[in-house]
$ cat structure-v1.txt   # compact mmCIF, C-alpha atoms (C1' of nucleotides)
# COMPACT_ATOMS: atom_id res chain seq x y z
CA MET L 220 128.35 164.50 3.30
CA THR L 221 131.23 166.81 2.46
CA GLU L 222 132.47 166.83 6.03
CA ALA L 223 132.72 163.08 5.73
CA ARG L 224 135.45 163.43 3.15
CA ASP L 225 137.37 165.66 5.49
CA ARG L 226 137.49 162.86 8.00
CA LEU L 227 139.50 160.81 5.55
CA SER L 228 142.57 162.82 6.33
CA SER L 229 141.72 163.49 9.93
CA PRO L 230 143.24 161.57 12.81
CA ALA L 231 140.01 159.61 13.14
CA ALA L 232 140.69 157.42 10.15
CA PRO L 233 137.82 155.45 8.65
CA TYR L 234 139.41 152.22 9.81
CA GLY L 235 140.32 153.26 13.31
CA SER L 236 143.90 152.47 14.11
CA ARG L 237 144.28 149.70 11.57
CA ARG L 238 146.58 149.61 8.63
CA MET L 239 145.68 151.71 5.63
CA SER L 240 146.23 150.08 2.25
CA SER L 241 145.64 151.69 -1.11
CA ALA L 242 142.58 149.51 -1.63
CA ARG L 243 141.11 150.62 1.66
CA ARG L 244 141.84 154.22 0.89
CA ALA L 245 140.01 153.90 -2.43
CA ILE L 246 137.07 152.22 -0.74
CA ALA L 247 136.81 154.85 1.99
CA GLU L 248 137.05 157.65 -0.55
CA THR L 249 134.37 156.09 -2.69
CA ALA L 250 132.12 155.55 0.32
CA ALA L 251 132.44 159.26 1.09
CA LEU L 252 131.28 160.03 -2.44
CA MET L 253 128.14 157.92 -2.22
CA ASP L 254 125.43 160.35 -1.25
CA GLY L 255 123.05 158.30 0.80
CA ALA L 256 122.63 154.66 1.62
CA PHE L 257 124.46 151.99 -0.29
CA THR L 258 124.97 148.26 -0.22
CA ALA L 259 128.36 146.58 -0.14
CA GLU L 260 127.80 145.48 -3.70
CA SER L 261 126.88 148.92 -5.04
CA LEU L 262 129.93 150.34 -3.29
CA HIS L 263 132.02 147.64 -4.91
CA ASP L 264 130.60 148.51 -8.33
CA ARG L 265 131.54 152.12 -7.87
CA VAL L 266 134.98 151.40 -6.45
CA VAL L 267 135.76 149.11 -9.36
CA ALA L 268 134.74 151.82 -11.83
CA SER L 269 137.56 154.05 -10.65
CA ARG L 270 139.99 151.40 -9.50
CA PRO L 271 139.55 148.06 -11.26
CA GLY L 272 140.66 144.87 -9.61
CA ILE L 273 139.30 145.44 -6.13
CA GLY L 274 137.56 142.29 -5.00
CA LEU L 275 134.12 142.09 -3.52
CA ALA L 276 135.47 140.34 -0.43
CA THR L 277 137.84 143.24 0.14
CA VAL L 278 134.95 145.68 0.05
CA TYR L 279 133.01 143.57 2.52
CA ARG L 280 136.01 143.48 4.83
CA ALA L 281 136.57 147.22 4.49
CA VAL L 282 132.92 147.98 5.14
CA ALA L 283 133.01 145.82 8.26
CA ALA L 284 136.15 147.60 9.47
CA MET L 285 134.68 151.04 8.80
CA ALA L 286 131.42 150.16 10.51
CA ASP L 287 133.48 148.86 13.39
CA ALA L 288 135.39 152.12 13.58
CA GLY L 289 132.15 154.12 13.51
CA TYR L 290 132.85 155.71 10.13
CA LEU L 291 129.99 153.82 8.51
CA ALA L 292 126.62 153.00 10.01
CA ARG L 293 124.28 150.21 9.10
CA VAL L 294 121.09 152.10 8.33
CA GLY L 295 118.70 149.37 7.21
CA GLU L 296 118.39 146.90 4.41
CA ARG L 297 116.97 146.59 0.94
CA ASP L 298 116.11 143.35 -0.84
CA GLY L 299 117.89 141.38 1.84
CA ALA L 300 121.12 143.32 1.50
CA ALA L 301 122.50 145.51 4.28
CA LEU L 302 122.40 149.26 3.69
CA TYR L 303 125.26 151.41 4.95
CA ALA L 304 125.91 155.12 5.02
CA VAL L 305 128.80 157.35 6.01
CA CYS L 306 127.91 158.91 9.34
CA GLY L 307 129.83 161.62 11.11
CA HIS L 308 127.08 162.17 13.65
CA ASP L 309 128.18 161.63 17.22
CA GLY L 310 126.33 159.91 20.00
CA HIS L 311 123.58 157.34 19.90
CA HIS L 312 121.08 157.90 17.15
CA HIS L 313 119.33 156.18 14.27
CA HIS L 314 118.77 156.95 10.60
CA ALA L 315 115.85 157.71 8.37
CA VAL L 316 116.32 156.30 4.88
CA CYS L 317 114.49 157.62 1.83
CA GLU L 318 113.35 154.61 -0.13
CA ARG L 319 113.39 156.57 -3.36
CA CYS L 320 116.68 158.42 -3.41
CA GLY L 321 118.48 156.70 -0.56
CA ALA L 322 119.09 159.92 1.36
CA VAL L 323 119.98 159.28 4.97
CA THR L 324 119.21 161.63 7.84
CA PRO L 325 120.24 161.12 11.45
CA VAL L 326 117.32 160.79 13.85
CA GLU L 327 117.59 161.22 17.56
CA CYS L 328 116.86 158.07 19.49
CA ALA L 329 113.45 158.46 21.09
CA PHE L 330 113.62 155.19 22.90
CA VAL L 331 112.09 155.28 26.36
CA PRO L 332 113.64 152.69 28.66
CA SER L 333 110.61 152.85 30.95
CA ALA L 334 108.59 151.22 28.19
CA LEU L 335 110.57 148.04 28.74
CA PRO L 336 109.25 145.18 30.84
CA ALA L 337 110.29 145.40 34.49
CA GLY L 338 113.73 144.00 35.13
CA PHE L 339 114.59 143.60 31.45
CA ALA L 340 118.20 144.61 30.89
CA MET L 341 118.45 145.86 27.34
CA THR L 342 121.82 145.22 25.75
CA ARG L 343 121.11 146.70 22.34
CA HIS L 344 118.35 147.76 20.04
CA GLU L 345 118.10 148.29 16.33
CA VAL L 346 115.90 150.81 14.63
CA ALA L 347 115.38 151.24 10.92
CA ILE L 348 113.21 154.01 9.57
CA TYR L 349 112.01 154.05 5.98
CA GLY L 350 109.99 156.61 4.09
CA VAL L 351 110.18 159.31 1.47
CA CYS L 352 112.22 162.44 2.02
CA ALA L 353 110.81 165.92 1.52
CA GLU L 354 112.76 166.41 -1.68
CA CYS L 355 111.45 163.24 -3.31
CA GLN L 356 107.90 164.14 -2.33
CA GLY L 357 108.33 167.53 -3.96
CA SER L 358 109.55 166.22 -7.28
CA GLU L 359 106.92 163.98 -8.87
CA ARG L 360 109.51 161.36 -9.73
CA GLY L 361 112.28 161.10 -7.22
CA GLY L 362 115.90 160.26 -7.84
CA SER L 363 117.11 156.71 -8.12
CA ARG L 364 119.68 154.56 -6.35
CA MET G 703 101.46 132.06 25.75
CA THR G 704 98.52 129.90 26.82
CA GLU G 705 96.00 132.28 25.41
CA ALA G 706 97.77 131.89 22.09
CA ARG G 707 96.71 128.27 21.93
CA ASP G 708 93.12 129.32 22.44
CA ARG G 709 93.29 131.37 19.31
CA LEU G 710 93.86 128.21 17.32
CA SER G 711 90.19 127.33 17.61
CA SER G 712 88.93 130.90 17.59
CA PRO G 713 87.42 132.55 14.52
CA ALA G 714 90.71 134.45 14.05
CA ALA G 715 92.60 131.47 12.68
CA PRO G 716 96.38 131.65 12.52
CA TYR G 717 96.25 131.77 8.74
CA GLY G 718 93.50 134.33 8.38
CA SER G 719 90.86 133.17 5.98
CA ARG G 720 93.08 130.75 4.11
CA ARG G 721 92.72 127.03 3.89
CA MET G 722 93.70 124.95 6.88
CA SER G 723 95.55 121.77 6.05
CA SER G 724 96.70 119.20 8.54
CA ALA G 725 100.28 120.30 8.06
CA ARG G 726 99.39 123.90 8.78
CA ARG G 727 97.42 122.89 11.82
CA ALA G 728 100.42 120.97 13.16
CA ILE G 729 102.70 123.94 12.46
CA ALA G 730 100.39 126.44 14.15
CA GLU G 731 99.97 124.18 17.17
CA THR G 732 103.70 123.70 17.47
CA ALA G 733 104.30 127.43 17.15
CA ALA G 734 101.91 127.97 20.06
CA LEU G 735 103.97 125.55 22.12
CA MET G 736 107.25 127.35 21.50
CA ASP G 737 107.64 129.62 24.48
CA GLY G 738 109.49 132.58 23.15
CA ALA G 739 111.24 133.45 19.94
CA PHE G 740 112.05 130.83 17.35
CA THR G 741 113.46 130.58 13.86
CA ALA G 742 111.68 128.89 10.98
CA GLU G 743 114.23 126.12 11.18
CA SER G 744 113.85 125.48 14.91
CA LEU G 745 110.09 125.42 14.44
CA HIS G 746 110.55 122.92 11.63
CA ASP G 747 112.72 120.74 13.85
CA ARG G 748 110.06 120.68 16.49
CA VAL G 749 107.19 120.12 14.08
CA VAL G 750 109.02 117.20 12.50
CA ALA G 751 109.57 115.63 15.92
CA SER G 752 105.85 115.21 16.41
CA ARG G 753 104.79 114.91 12.80
CA PRO G 754 107.54 113.61 10.51
CA GLY G 755 107.52 114.40 6.85
CA ILE G 756 106.73 118.10 7.01
CA GLY G 757 109.03 119.95 4.68
CA LEU G 758 111.08 123.00 5.53
CA ALA G 759 109.53 124.94 2.67
CA THR G 760 106.09 124.21 4.07
CA VAL G 761 107.11 125.65 7.42
CA TYR G 762 108.51 128.75 5.74
CA ARG G 763 105.28 129.17 3.83
CA ALA G 764 103.18 128.64 6.94
CA VAL G 765 105.26 131.09 8.94
CA ALA G 766 104.87 133.69 6.21
CA ALA G 767 101.12 133.13 6.16
CA MET G 768 100.83 133.36 9.93
CA ALA G 769 102.94 136.48 10.07
CA ASP G 770 100.74 137.89 7.31
CA ALA G 771 97.64 137.10 9.33
CA GLY G 772 99.13 138.73 12.42
CA TYR G 773 99.32 135.50 14.40
CA LEU G 774 103.11 135.57 14.38
CA ALA G 775 105.37 138.57 14.63
CA ARG G 776 108.91 138.96 13.45
CA VAL G 777 110.71 139.96 16.59
CA GLY G 778 114.32 140.17 15.52
CA GLU G 779 117.02 137.90 14.23
CA ARG G 780 119.76 135.64 15.44
CA ASP G 781 122.76 134.51 13.42
CA GLY G 782 121.22 135.90 10.29
CA ALA G 783 117.98 133.97 10.70
CA ALA G 784 114.65 135.69 11.33
CA LEU G 785 113.16 135.26 14.79
CA TYR G 786 109.41 134.91 15.15
CA ALA G 787 107.06 134.68 18.09
CA VAL G 788 103.37 134.08 18.59
CA CYS G 789 101.80 137.42 19.41
CA GLY G 790 98.24 138.03 20.50
CA HIS G 791 98.93 141.64 21.40
CA ASP G 792 96.83 144.13 19.48
CA GLY G 793 97.84 147.44 18.01
CA HIS G 794 101.23 148.72 16.96
CA HIS G 795 104.01 147.63 19.25
CA HIS G 796 107.45 146.02 19.28
CA HIS G 797 109.06 143.18 21.16
CA ALA G 798 111.85 142.76 23.66
CA VAL G 799 113.71 139.49 23.17
CA CYS G 800 115.76 137.83 25.87
CA GLU G 801 118.98 136.68 24.26
CA ARG G 802 119.39 133.93 26.81
CA CYS G 803 116.02 132.20 27.05
CA GLY G 804 114.28 133.72 24.05
CA ALA G 805 111.39 135.11 26.08
CA VAL G 806 109.46 137.76 24.18
CA THR G 807 107.61 140.65 25.79
CA PRO G 808 105.53 143.23 23.93
CA VAL G 809 106.82 146.77 24.22
CA GLU G 810 104.80 149.84 23.48
CA CYS G 811 106.09 151.83 20.54
CA ALA G 812 107.72 154.96 21.89
CA PHE G 813 108.49 156.37 18.50
CA VAL G 814 108.13 160.13 18.30
CA PRO G 815 107.32 161.31 14.77
CA SER G 816 108.53 164.80 15.63
CA ALA G 817 112.06 163.41 15.85
CA LEU G 818 111.96 162.84 12.10
CA PRO G 819 113.52 165.30 9.66
CA ALA G 820 111.08 167.92 8.44
CA GLY G 821 108.94 166.71 5.57
CA PHE G 822 110.06 163.12 5.80
CA ALA G 823 107.07 160.83 5.27
CA MET G 824 107.76 157.66 7.18
CA THR G 825 106.25 154.58 5.60
CA ARG G 826 107.45 152.01 8.09
CA HIS G 827 109.94 151.41 10.83
CA GLU G 828 111.45 148.33 12.39
CA VAL G 829 112.55 148.01 15.96
CA ALA G 830 114.30 145.07 17.56
CA ILE G 831 115.15 145.08 21.25
CA TYR G 832 117.59 142.60 22.73
CA GLY G 833 118.64 142.05 26.29
CA VAL G 834 118.31 139.74 29.26
CA CYS G 835 114.98 139.23 30.98
CA ALA G 836 114.52 139.55 34.74
CA GLU G 837 114.22 135.82 35.16
CA CYS G 838 117.50 135.05 33.42
CA GLN G 839 119.27 137.71 35.43
CA GLY G 840 117.97 136.14 38.63
CA SER G 841 119.18 132.64 37.85
CA GLU G 842 122.94 132.59 37.42
CA ARG G 843 122.66 130.43 34.33
CA GLY G 844 119.59 131.23 32.30
CA GLY G 845 117.57 128.86 30.20
CA SER G 846 118.51 127.99 26.70
CA ARG G 847 116.98 128.37 23.31
C1' DC C 1012 167.09 152.26 3.72
C1' DC C 1013 166.35 147.23 3.94
C1' DG C 1014 164.29 142.85 6.30
C1' DT C 1015 160.54 141.00 8.39
C1' DG C 1016 156.18 139.67 10.01
C1' DA C 1017 151.64 140.70 10.34
C1' DA C 1018 147.80 142.66 8.05
C1' DG C 1019 145.55 143.08 3.84
C1' DT C 1020 144.22 141.35 -0.87
C1' DG C 1021 141.85 138.84 -4.86
C1' DA C 1022 139.57 134.95 -6.70
C1' DG C 1023 136.62 131.69 -6.21
C1' DA C 1024 134.54 128.21 -3.47
C1' DA C 1025 131.64 127.59 0.28
C1' DC C 1026 127.92 128.72 3.29
C1' DC C 1027 123.34 129.51 4.71
C1' DG C 1028 118.84 131.34 5.06
C1' DC C 1029 115.31 131.45 2.19
C1' DT C 1030 112.49 130.95 -2.18
C1' DC C 1031 111.15 128.69 -6.30
C1' DT C 1032 109.69 124.86 -9.19
C1' DC C 1033 107.15 120.94 -10.21
C1' DA C 1034 104.49 117.04 -9.87
C1' DG C 1035 101.42 115.10 -6.76
C1' DT C 1036 97.86 115.67 -2.88
C1' DT C 1037 94.00 117.51 -0.37
C1' DG C 1038 90.52 120.56 1.63
C1' DG C 1039 86.18 122.20 1.13
C1' DA C 1040 82.76 124.72 -1.80
C1' DG C 1041 79.03 123.51 -4.54
C1' DC O 1416 80.65 113.17 -4.90
C1' DT O 1417 83.36 116.26 -8.12
C1' DC O 1418 86.44 119.39 -9.02
C1' DC O 1419 90.00 122.73 -8.72
C1' DA O 1420 92.59 125.96 -6.40
C1' DA O 1421 95.41 125.88 -2.55
C1' DC O 1422 98.72 123.32 -0.38
C1' DT O 1423 102.63 120.00 0.04
C1' DG O 1424 107.47 117.76 -0.12
C1' DA O 1425 111.78 117.43 -2.19
C1' DG O 1426 115.29 119.32 -4.06
C1' DA O 1427 117.38 122.70 -6.95
C1' DG O 1428 118.40 127.47 -7.09
C1' DC O 1429 119.42 132.13 -5.53
C1' DG O 1430 121.76 135.95 -3.45
C1' DG O 1431 124.23 138.08 0.17
C1' DT O 1432 128.03 137.25 2.86
C1' DT O 1433 132.07 134.79 4.63
C1' DC O 1434 135.92 131.73 4.26
C1' DT O 1435 140.25 129.85 2.34
C1' DC O 1436 144.63 130.19 0.48
C1' DA O 1437 148.46 131.77 -1.84
C1' DC O 1438 150.31 136.14 -2.67
C1' DT O 1439 151.26 141.15 -1.83
C1' DT O 1440 152.04 145.22 0.80
C1' DC O 1441 152.37 148.15 4.66
C1' DA O 1442 154.99 149.95 8.46
C1' DC O 1443 158.16 149.24 12.11
C1' DG O 1444 162.77 148.17 14.12
C1' DG O 1445 167.27 147.94 13.19

$ encode --input "structure-v1.txt" --output "structure tokens"
Amino acid sequence: MTEARDRLSSPAAPYGSRRMSSARRAIAETAALMDGAFTAESLHDRVVASRPGIGLATVYRAVAAMADAGYLARVGERDGAALYAVCGHDGHHHHAVCERCGAVTPVECAFVPSALPAGFAMTRHEVAIYGVCAECQGSERGGSR
Amino acid sequence: MTEARDRLSSPAAPYGSRRMSSARRAIAETAALMDGAFTAESLHDRVVASRPGIGLATVYRAVAAMADAGYLARVGERDGAALYAVCGHDGHHHHAVCERCGAVTPVECAFVPSALPAGFAMTRHEVAIYGVCAECQGSERGGSR
DNA sequence: CCGTGAAGTGAGAACCGCTCTCAGTTGGAG
DNA sequence: CTCCAACTGAGAGCGGTTCTCACTTCACGG
């Protein structure tokens, strides 16, 4: 997750080629600090803690822009809310989400196109993987998020 | 989809071992008539057409019960609404949904556990596959649903 | 440096899929 | 037939997300 912070100053900005406002910078920095999956609302909570006044709608817009730019990935959902995570991994892949601590690990896409019905032209597919990470299994009571 | 209708009178009722009311019977029969994926609301629309007075909440409850009993499967979503389909297929599998006509085809699960991070205990995974079926590719303008 | 226009922002209302509540109804076991 | 738990319909409620609108701010050209 540390390398994610580095990307903040790299040419590949979290928002692609769009404009960078101070609010967006704060949101991207906070997202980089979240270790693991987070919802737009939990990100908003944390952003507001360090920079009061940021609106929830702004966070939603920033998250959409970052997901669009590939800086964030939608990794699943919890209680009906979308889960996101910072993802510097390149290429097509999915994510395994620990339901206890929220840790996110990239998982290679094992999708076999031959399994599809004949003639079906797949345009996209979504995979969400939930479970308990090794660390949380080790410790009797896992972390919380 | 015809074999799905047969299941209505089979011992494996759409609602498992629960009570069968006339409303639920109408909903299960209508679900069997929907060829392809449908939302709870579109199912409600169609149920109401043939049997006015059925409430939306009742359809939601029936859909939940049928999904619980394995008669329906959640096959994806469209515009934020859950897509369901009647599914007689046994065993663990997923579904390919045609985004044009809504046709649903079972797809074997090609998930490789070895792709998971070491020690990660997967509890569940969700896969949604979208594309265009062979039939819709053949006809310039596909069906609608 | 400024002026300018487009992009971004904040607040709150609106939206929408879905669930809950409650009083009334009904299926089916006994 | 009796009885009661399960089911129903209507509408309110909920929660995540998006929209609207007036205002601010970024960044580019001059």

$ atom_distance --input "structure-v1.txt" --atom1 "CA of Ala256 (chain L)" --atom2 "CA of Tyr786 (chain G)"
27.3 Å

$ closest_residue --input "structure-v1.txt" --among "G:Ser816, G:Ser752, G:Ser719, G:Thr732" --to "Ala767 (chain G)" --atoms "only C-alpha atoms"
G:Ser719

$ residues_around --input "structure-v1.txt" --residues "region 1025-1031 of chain C" --least-positions-apart "3" --cutoff "10 Å" --atoms "all atoms listed in the file" --output "ChimeraX atom specification"
/G:742-743,759,762-763,781-784 /O:1427-1435

$ interface_residues --input "structure-v1.txt" --of "chain G" --to "chain O" --cutoff "9 Å" --atoms "all atoms listed in the file" --output "PyMOL selection string"
chain G and resi 720-723+725+755-760

$ atom_distance --input "structure-v1.txt" --atom1 "CA of Cys320 (chain L)" --atom2 "CA of Ile831 (chain G)"
28.1 Å

$ residues_around --input "structure-v1.txt" --residues "Arg727 (chain G)" --least-positions-apart "2" --cutoff "10 Å" --atoms "only C-alpha atoms (C1' of nucleotides)" --output "PyMOL selection string"
chain G and resi 710+715-717+722-725+729-733+764

$ interface_residues --input "structure-v1.txt" --of "chain C" --to "chain L" --cutoff "10 Å" --atoms "all atoms listed in the file" --output "CSV table (one decimal) with C-alpha atoms (C1' of nucleotides), keeping the file's coordinate frame"
chain,number,residue,atom,x,y,z
C,1018,DA,C1',147.8,142.7,8.0
C,1019,DG,C1',145.6,143.1,3.8
C,1020,DT,C1',144.2,141.4,-0.9
C,1021,DG,C1',141.8,138.8,-4.9
C,1022,DA,C1',139.6,135.0,-6.7

$ interface_residues --input "structure-v1.txt" --of "chain G" --to "chain L" --cutoff "10 Å" --atoms "all atoms listed in the file" --output "ChimeraX atom specification"
/G:778,797-801,806-840

$ atom_distance --input "structure-v1.txt" --atom1 "CA of His311 (chain L)" --atom2 "CA of Arg297 (chain L)"
22.8 Å

$ decode --input "structure-v1.txt" --residues "region 1421-1441 of chain O" --atoms "N, CA, C and O atoms (P, O5', C5', C4', C3', O3' and C1' of nucleotides)" --output "CSV table (one decimal), in the first residue's frame"
chain,number,residue,atom,x,y,z
O,1421,DA,P,-44.4,-19.5,11.3
O,1421,DA,O5',-44.8,-19.3,9.8
O,1421,DA,C5',-45.4,-20.3,9.1
O,1421,DA,C4',-46.0,-19.7,7.8
O,1421,DA,C3',-45.2,-18.7,7.1
O,1421,DA,O3',-45.2,-19.1,5.7
O,1421,DA,C1',-47.3,-17.8,7.6
O,1422,DC,P,-44.5,-18.2,4.6
O,1422,DC,O5',-45.7,-17.3,4.1
O,1422,DC,C5',-46.9,-17.9,3.7
O,1422,DC,C4',-47.9,-16.8,3.3
O,1422,DC,C3',-47.3,-15.7,2.4
O,1422,DC,O3',-48.0,-15.6,1.2
O,1422,DC,C1',-48.5,-14.8,4.2
O,1423,DT,P,-47.6,-14.5,0.1
O,1423,DT,O5',-48.6,-13.3,0.4
O,1423,DT,C5',-50.0,-13.5,0.4
O,1423,DT,C4',-50.7,-12.2,0.6
O,1423,DT,C3',-50.2,-11.0,-0.2
O,1423,DT,O3',-51.2,-10.5,-1.0
O,1423,DT,C1',-50.4,-10.4,2.1
O,1424,DG,P,-50.8,-9.6,-2.3
O,1424,DG,O5',-51.2,-8.2,-1.7
O,1424,DG,C5',-52.5,-8.0,-1.2
O,1424,DG,C4',-52.7,-6.5,-0.7
O,1424,DG,C3',-52.0,-5.5,-1.7
O,1424,DG,O3',-52.9,-4.4,-1.7
O,1424,DG,C1',-51.0,-5.4,0.5
O,1425,DA,P,-52.6,-3.2,-2.7
O,1425,DA,O5',-52.2,-2.1,-1.6
O,1425,DA,C5',-53.0,-1.8,-0.5
O,1425,DA,C4',-52.4,-0.8,0.4
O,1425,DA,C3',-51.6,0.3,-0.4
O,1425,DA,O3',-52.1,1.6,0.0
O,1425,DA,C1',-50.2,-0.7,1.2
O,1426,DG,P,-51.5,2.9,-0.8
O,1426,DG,O5',-50.5,3.4,0.4
O,1426,DG,C5',-50.9,3.2,1.7
O,1426,DG,C4',-49.6,3.4,2.6
O,1426,DG,C3',-48.7,4.5,2.1
O,1426,DG,O3',-48.2,5.3,3.2
O,1426,DG,C1',-47.5,2.6,2.4
O,1427,DA,P,-47.6,6.7,3.0
O,1427,DA,O5',-46.6,6.7,4.2
O,1427,DA,C5',-47.0,6.0,5.4
O,1427,DA,C4',-45.8,5.5,6.1
O,1427,DA,C3',-44.6,6.5,6.2
O,1427,DA,O3',-44.0,6.4,7.5
O,1427,DA,C1',-43.9,4.5,5.1
O,1428,DG,P,-42.8,7.4,7.8
O,1428,DG,O5',-41.5,6.4,7.6
O,1428,DG,C5',-41.6,5.1,8.1
O,1428,DG,C4',-40.2,4.4,7.9
O,1428,DG,C3',-39.0,5.3,7.9
O,1428,DG,O3',-38.0,4.7,8.7
O,1428,DG,C1',-39.1,4.2,5.8
O,1429,DC,P,-36.7,5.4,9.1
O,1429,DC,O5',-35.6,4.6,8.2
O,1429,DC,C5',-35.8,3.2,8.0
O,1429,DC,C4',-34.7,2.7,7.1
O,1429,DC,C3',-33.4,3.6,7.2
O,1429,DC,O3',-32.3,2.8,7.3
O,1429,DC,C1',-34.2,3.3,4.9
O,1430,DG,P,-30.9,3.4,7.8
O,1430,DG,O5',-29.9,3.1,6.6
O,1430,DG,C5',-30.1,1.9,5.9
O,1430,DG,C4',-29.4,2.1,4.6
O,1430,DG,C3',-28.2,3.0,4.6
O,1430,DG,O3',-27.1,2.5,3.9
O,1430,DG,C1',-29.7,3.8,3.0
O,1431,DG,P,-25.7,3.1,4.0
O,1431,DG,O5',-25.3,3.1,2.4
O,1431,DG,C5',-25.6,1.9,1.6
O,1431,DG,C4',-25.7,2.3,0.2
O,1431,DG,C3',-24.5,3.2,-0.3
O,1431,DG,O3',-24.1,2.7,-1.6
O,1431,DG,C1',-26.6,4.3,-0.7
O,1432,DT,P,-22.8,3.3,-2.3
O,1432,DT,O5',-23.5,4.4,-3.3
O,1432,DT,C5',-24.4,3.9,-4.2
O,1432,DT,C4',-25.1,5.1,-4.9
O,1432,DT,C3',-24.1,6.1,-5.5
O,1432,DT,O3',-24.3,6.0,-7.0
O,1432,DT,C1',-25.9,7.1,-4.4
O,1433,DT,P,-23.5,7.0,-7.9
O,1433,DT,O5',-24.6,8.1,-8.2
O,1433,DT,C5',-25.9,7.7,-8.6
O,1433,DT,C4',-26.7,8.9,-8.8
O,1433,DT,C3',-26.1,10.0,-9.7
O,1433,DT,O3',-27.0,10.5,-10.6
O,1433,DT,C1',-26.8,10.9,-7.7
O,1434,DC,P,-26.6,11.5,-11.8
O,1434,DC,O5',-27.6,12.8,-11.4
O,1434,DC,C5',-28.9,12.5,-10.9
O,1434,DC,C4',-29.5,13.8,-10.4
O,1434,DC,C3',-29.1,15.0,-11.2
O,1434,DC,O3',-30.3,15.8,-11.5
O,1434,DC,C1',-28.6,15.4,-8.9
O,1435,DT,P,-30.2,17.0,-12.5
O,1435,DT,O5',-30.3,18.3,-11.6
O,1435,DT,C5',-31.2,18.2,-10.4
O,1435,DT,C4',-31.1,19.5,-9.7
O,1435,DT,C3',-30.6,20.7,-10.5
O,1435,DT,O3',-31.4,21.9,-10.1
O,1435,DT,C1',-29.2,20.4,-8.6
O,1436,DC,P,-31.5,23.2,-11.0
O,1436,DC,O5',-30.9,24.3,-10.1
O,1436,DC,C5',-31.0,24.1,-8.7
O,1436,DC,C4',-30.0,25.1,-8.0
O,1436,DC,C3',-29.4,26.2,-8.9
O,1436,DC,O3',-29.3,27.3,-8.1
O,1436,DC,C1',-27.7,24.9,-8.0
O,1437,DA,P,-29.3,28.8,-8.9
O,1437,DA,O5',-28.5,29.7,-7.9
O,1437,DA,C5',-28.6,29.5,-6.5
O,1437,DA,C4',-27.2,29.5,-5.9
O,1437,DA,C3',-26.4,30.7,-6.3
O,1437,DA,O3',-25.8,31.3,-5.2
O,1437,DA,C1',-25.2,28.7,-6.6
O,1438,DC,P,-24.8,32.6,-5.3
O,1438,DC,O5',-23.4,32.0,-5.0
O,1438,DC,C5',-23.2,31.2,-3.9
O,1438,DC,C4',-21.8,30.5,-3.9
O,1438,DC,C3',-20.7,31.5,-4.2
O,1438,DC,O3',-19.7,31.3,-3.2
O,1438,DC,C1',-20.6,29.5,-5.5
O,1439,DT,P,-18.4,32.3,-3.2
O,1439,DT,O5',-17.3,31.2,-3.6
O,1439,DT,C5',-17.2,30.0,-2.9
O,1439,DT,C4',-16.1,29.1,-3.5
O,1439,DT,C3',-14.8,29.7,-3.7
O,1439,DT,O3',-13.8,28.8,-3.1
O,1439,DT,C1',-15.5,28.7,-5.7
O,1440,DT,P,-12.3,29.2,-2.9
O,1440,DT,O5',-11.6,28.4,-4.1
O,1440,DT,C5',-11.8,27.0,-4.3
O,1440,DT,C4',-11.2,26.6,-5.6
O,1440,DT,C3',-9.8,27.2,-5.8
O,1440,DT,O3',-9.0,26.2,-6.4
O,1440,DT,C1',-11.1,27.5,-7.6
O,1441,DC,P,-7.5,25.9,-5.9
O,1441,DC,O5',-6.9,25.3,-7.2
O,1441,DC,C5',-7.5,24.1,-7.7
O,1441,DC,C4',-7.6,24.2,-9.2
O,1441,DC,C3',-6.2,24.4,-9.9
O,1441,DC,O3',-6.0,23.3,-10.8
O,1441,DC,C1',-7.9,25.8,-10.9
